[in-house]
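Below you'll find the structure, written out as structure tokens, and then a few comments.
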Amino acid sequence: MSDLPGIVVTGASGRMGQMLIKTVVESDKARLVGAVEREGHDWVGRDVGEAMGSVALGVTVTDEPLEAFSKAQAVIDFTAPAATLQFAKLAAQARAVHVIGTTGMSDEDIAQLEPCGRHAVIVRAGNMSLGVNLLTLLTQKVAAALDEDFDIEVIEYHHRHKVDAPSGTALMLGEAAAAGRGVALNDVADRGRDGITGARKRGDIGFTAIRGGDIIGEHDVMFAADGEQIVLRHKATDRSLFAKGALKAALWGQDQKPGEYDMLDVLGL
Ligand SMILES: NC(=O)c1ccc[n+]([C@@H]2O[C@H](COP(=O)([O-])OP(=O)(O)OC[C@H]3O[C@@H](n4cnc5c(N)ncnc54)[C@H](O)[C@@H]3O)[C@@H](O)[C@H]2O)c1
Ligand SMILES: O=C(O)C1=N[C@H](C(=O)O)CCC1
């Protein structure tokens with residue numbers, strides 16, 4: 001039996017779930033020990049490789065997360081907020097590193113992770129890519145250098161299936177811009193304009209969400225003043241980017257003390 005860290009992937013049939021399974025199986029630094037789907041899903045009870053239309057991997061998809069987590073060193077979880085909250089408690093119980101890529105979590109949801117982080121390592125980020133995490137630092141720097149003559153707008157573009165807005169990445173970038181300005185994002189965020197909105201309020205950080213086709217994920221941070229604009233942009237062209245970042249976080253988490261971390265910690269940025 002290999003002593004490589006054992007990984008469970010939740011939401012195994014999802015866009016990210018399948019990409020994560022492929023990434024773990026192809027890695028020589030980890031092994032796949034479990035695949036979890038929701039109760040009633042037609043993949044439950046099937047070999048996950050075969051369910052993905054490929055060769056058998058010897059891992060049967062289960063709807064019993066605790067049983068799967070107890071055999072693992074890490075859980076990689078890109079699912080939905082309610083599932084992630086349940087998985088956080090179970091990963092803490094199993095003392096497994098919990099890598100959370102799920103977005104759309106409310107402030108109340110995020111607060112519920114705190115007790116879990118006392119027992120296990122949690123790494124959570126709305127975007128696991130090096131490029132976006134670097135972009136948060138650049139955004140903070142540019143926002144700090146410019147005054148409120150520059151309106152800040154975060155524009156995000158995603159595929160037609162995405163269910164949450166603004167994207168987790170857009171919120172990370174908004175937080176970074178707010179930090180650069182020395183304000184709390186919740187005090188200045190302008191989300192979802194419609195109708196007679198009135199003119200833009202000075203100092204607001206706006207969010208625009210575009211949904212269509214198969215766009216993997218694109219983000220612009222626009223600083224717009226009279227006579228000039230600066231646009232910082234990240235474009236993801238392959239979902240494996242997020243899966244590779246998540247696996248990196250799961251491995252990094254093996255050597256950390258219980259607590260809540262983000263990708264800046266993992267990447268040492
Ligand atoms: N942080 C990042 O880098 C990053 C990158 C891409 C996507 N995401 C986020 O990951 C999440 C998933 O995205 P997706 O495109 O793969 O969505 P998806 O809808 O394709 O997959 C979600 C999967 O979760 C499963 N699921 C839901 N509830 C479950 C439960 N209780 N138990 C087990 N499985 C459950 C669903 O059945 C589905 O297979 C979204 O929140 C998305 O925004 C984050
Ligand atoms: O496909 C998605 O959904 C993505 N979600 C993340 C977000 O909300 O920012 C990262 C990009 C892809």
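Following the order of the structure tokens, chains are lettered A, B, ..., residues in each are numbered from 1, and ligands are numbered from 1.
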
For the contact check between chain A and ligand 1, emit one row per residue of chain A within 8 Å, containing the shortest atom pair and the distance in Å rounded to one decimal, counting only C-alpha atoms and all ligand atoms, chain then rising number order, as CSV.
```
residue,atom,partner,partner_atom_place_in_ligand_line,distance
A:Thr10,CA,ligand 1,34 (N),5.5
A:Gly11,CA,ligand 1,24 (O),3.5
A:Ala12,CA,ligand 1,39 (O),5.7
A:Ser13,CA,ligand 1,39 (O),4.3
A:Gly14,CA,ligand 1,21 (O),3.3
A:Arg15,CA,ligand 1,16 (O),3.8
A:Met16,CA,ligand 1,16 (O),3.7
A:Gly17,CA,ligand 1,16 (O),5.7
A:Gln18,CA,ligand 1,16 (O),8.0
A:Val36,CA,ligand 1,33 (C),5.5
A:Glu37,CA,ligand 1,33 (C),3.7
A:Arg38,CA,ligand 1,32 (N),3.6
A:Glu39,CA,ligand 1,32 (N),6.9
A:His41,CA,ligand 1,37 (O),6.9
A:Asp63,CA,ligand 1,33 (C),6.8
A:Pro65,CA,ligand 1,32 (N),7.8
A:Asp77,CA,ligand 1,10 (O),7.7
A:Phe78,CA,ligand 1,10 (O),4.0
A:Thr79,CA,ligand 1,24 (O),3.7
A:Ala80,CA,ligand 1,41 (O),5.3
A:Pro81,CA,ligand 1,41 (O),7.3
A:Ala82,CA,ligand 1,31 (N),7.0
A:Ala83,CA,ligand 1,31 (N),4.1
A:Thr84,CA,ligand 1,31 (N),7.6
A:Gln86,CA,ligand 1,31 (N),7.7
A:Ile100,CA,ligand 1,1 (N),7.0
A:Gly101,CA,ligand 1,1 (N),3.5
A:Thr102,CA,ligand 1,41 (O),3.7
A:Thr103,CA,ligand 1,41 (O),3.9
A:Gly104,CA,ligand 1,41 (O),6.1
A:Arg124,CA,ligand 1,1 (N),7.6
A:Ala125,CA,ligand 1,1 (N),5.2
A:Gly126,CA,ligand 1,1 (N),3.9
A:Asn127,CA,ligand 1,3 (O),3.3
A:Met128,CA,ligand 1,3 (O),4.0
A:Ser129,CA,ligand 1,3 (O),6.4
A:His161,CA,ligand 1,15 (O),7.4
A:Lys162,CA,ligand 1,15 (O),6.6
A:Val163,CA,ligand 1,43 (O),7.6
A:Asp164,CA,ligand 1,43 (O),6.9
A:Ser167,CA,ligand 1,43 (O),6.7
A:Gly168,CA,ligand 1,43 (O),6.6
A:Thr169,CA,ligand 1,1 (N),7.6
A:Arg239,CA,ligand 1,6 (C),6.9
A:Leu241,CA,ligand 1,3 (O),7.9
A:Phe242,CA,ligand 1,3 (O),4.5
A:Ala243,CA,ligand 1,3 (O),7.3
A:Gly245,CA,ligand 1,3 (O),7.6
A:Ala246,CA,ligand 1,3 (O),7.4
```

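Residues lying within 10 Å of A:Ala88, counting only C-alpha atoms and ignoring same-chain neighbours fewer than 5 positions away, are Val75, Asp77, Ala83, Gln93, Ala94, Ala96, Val97, His98, Val99, Ile100, Gln112, Leu113, Glu114, Pro115, Cys116, Gly117, Ala120, Val121 and Ile122 of chain A.
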
Mind writing the picked residues with N, CA, C and O atoms as a short mmCIF file (atom, residue, chain, number, x, y, z; two decimals), in the first residue's frame?
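Final output, saved to result.cif:
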```cif
data_model
loop_
_atom_site.label_atom_id
_atom_site.label_comp_id
_atom_site.auth_asym_id
_atom_site.auth_seq_id
_atom_site.Cartn_x
_atom_site.Cartn_y
_atom_site.Cartn_z
N VAL A 75 -9.59 16.07 1.64
CA VAL A 75 -10.86 16.08 0.90
C VAL A 75 -10.82 17.31 -0.01
O VAL A 75 -10.56 18.42 0.49
N ASP A 77 -13.04 19.64 -2.33
CA ASP A 77 -14.49 19.85 -2.34
C ASP A 77 -14.87 21.07 -3.19
O ASP A 77 -14.66 22.21 -2.77
N ALA A 83 -23.59 21.62 0.98
CA ALA A 83 -22.79 20.39 1.03
C ALA A 83 -21.45 20.67 1.70
O ALA A 83 -20.98 19.89 2.54
N GLN A 93 -13.97 16.00 11.76
CA GLN A 93 -14.10 14.77 12.55
C GLN A 93 -13.06 13.74 12.12
O GLN A 93 -12.47 13.06 12.96
N ALA A 94 -12.80 13.64 10.82
CA ALA A 94 -11.83 12.67 10.29
C ALA A 94 -10.41 13.22 10.32
O ALA A 94 -9.48 12.52 9.94
N ALA A 96 -9.07 15.32 8.40
CA ALA A 96 -8.56 15.39 7.02
C ALA A 96 -8.48 16.85 6.60
O ALA A 96 -9.34 17.66 6.96
N VAL A 97 -7.46 17.19 5.83
CA VAL A 97 -7.35 18.54 5.26
C VAL A 97 -8.56 18.75 4.34
O VAL A 97 -8.88 17.88 3.53
N HIS A 98 -9.22 19.89 4.50
CA HIS A 98 -10.41 20.17 3.67
C HIS A 98 -10.08 21.33 2.74
O HIS A 98 -9.92 22.48 3.19
N VAL A 99 -9.96 21.04 1.46
CA VAL A 99 -9.71 22.09 0.46
C VAL A 99 -11.06 22.47 -0.13
O VAL A 99 -11.74 21.65 -0.74
N ILE A 100 -11.43 23.73 0.07
CA ILE A 100 -12.76 24.19 -0.36
C ILE A 100 -12.62 25.14 -1.55
O ILE A 100 -12.07 26.24 -1.44
N GLN A 112 -19.40 29.57 9.91
CA GLN A 112 -19.62 28.21 10.42
C GLN A 112 -18.40 27.30 10.24
O GLN A 112 -18.34 26.21 10.80
N LEU A 113 -17.43 27.75 9.44
CA LEU A 113 -16.22 26.94 9.24
C LEU A 113 -15.26 27.06 10.42
O LEU A 113 -14.40 26.19 10.63
N GLU A 114 -15.42 28.14 11.19
CA GLU A 114 -14.45 28.45 12.24
C GLU A 114 -14.23 27.29 13.23
O GLU A 114 -13.09 26.86 13.44
N PRO A 115 -15.30 26.70 13.81
CA PRO A 115 -15.06 25.57 14.73
C PRO A 115 -14.40 24.38 14.05
O PRO A 115 -13.61 23.66 14.68
N CYS A 116 -14.66 24.18 12.77
CA CYS A 116 -14.05 23.04 12.05
C CYS A 116 -12.54 23.26 11.92
O CYS A 116 -11.75 22.33 12.01
N GLY A 117 -12.16 24.51 11.70
CA GLY A 117 -10.75 24.86 11.55
C GLY A 117 -9.95 24.71 12.83
O GLY A 117 -8.73 24.81 12.82
N ALA A 120 -9.02 20.74 12.15
CA ALA A 120 -8.39 20.29 10.90
C ALA A 120 -7.96 21.51 10.08
O ALA A 120 -8.42 22.64 10.33
N VAL A 121 -7.10 21.24 9.12
CA VAL A 121 -6.66 22.31 8.20
C VAL A 121 -7.75 22.54 7.15
O VAL A 121 -8.24 21.58 6.54
N ILE A 122 -8.12 23.81 6.98
CA ILE A 122 -9.05 24.17 5.90
C ILE A 122 -8.31 25.14 4.98
O ILE A 122 -7.74 26.14 5.45
#
```

Please return as JSON, numbers by chain: the residues of stretch 150-261 of chain A that backbone DSSP assigns to strand (DSSP E or B).
-> {"A": [151, 152, 153, 154, 155, 156, 157, 158, 189, 190, 191, 205, 206, 207, 208, 209, 210, 211, 217, 218, 219, 220, 221, 222, 223, 224, 225, 228, 229, 230, 231, 232, 233, 234, 235, 236, 259, 260, 261]}

Which is closer to ligand 2 than all the others in A:Ala250, A:Met19, A:Ala68, A:Ala56, using only C-alpha atoms and all ligand atoms?
-> A:Met19

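Here atom CA of A:Pro5 stands at a distance of 27.5 Å from atom CA of A:Leu134.
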
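Nearest-residue note for A:Leu171: choosing from A:Ile205, A:Leu130, A:Leu4, A:Val142, the minimum distance belongs to A:Ile205, counting only C-alpha atoms.
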
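Residue nearest A:Ala51, chosen from A:Ala236, A:Ile21, A:Ala170, A:Ala144 and counting only C-alpha atoms: A:Ile21.
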
Test item, alpha helix (DSSP H) assignment across stretch 4-249 of chain A, answer as a VMD selection string = chain A and resid 15 to 26 48 to 51 65 to 69 81 to 94 107 to 111 130 to 145 168 to 181 185 to 188 240 to 249

Rank nothing, just name the residue among A:Ala179, A:Ala189, A:Met52, A:Ile210 nearest to ligand 2, using only C-alpha atoms and all ligand atoms.
-> A:Ile210
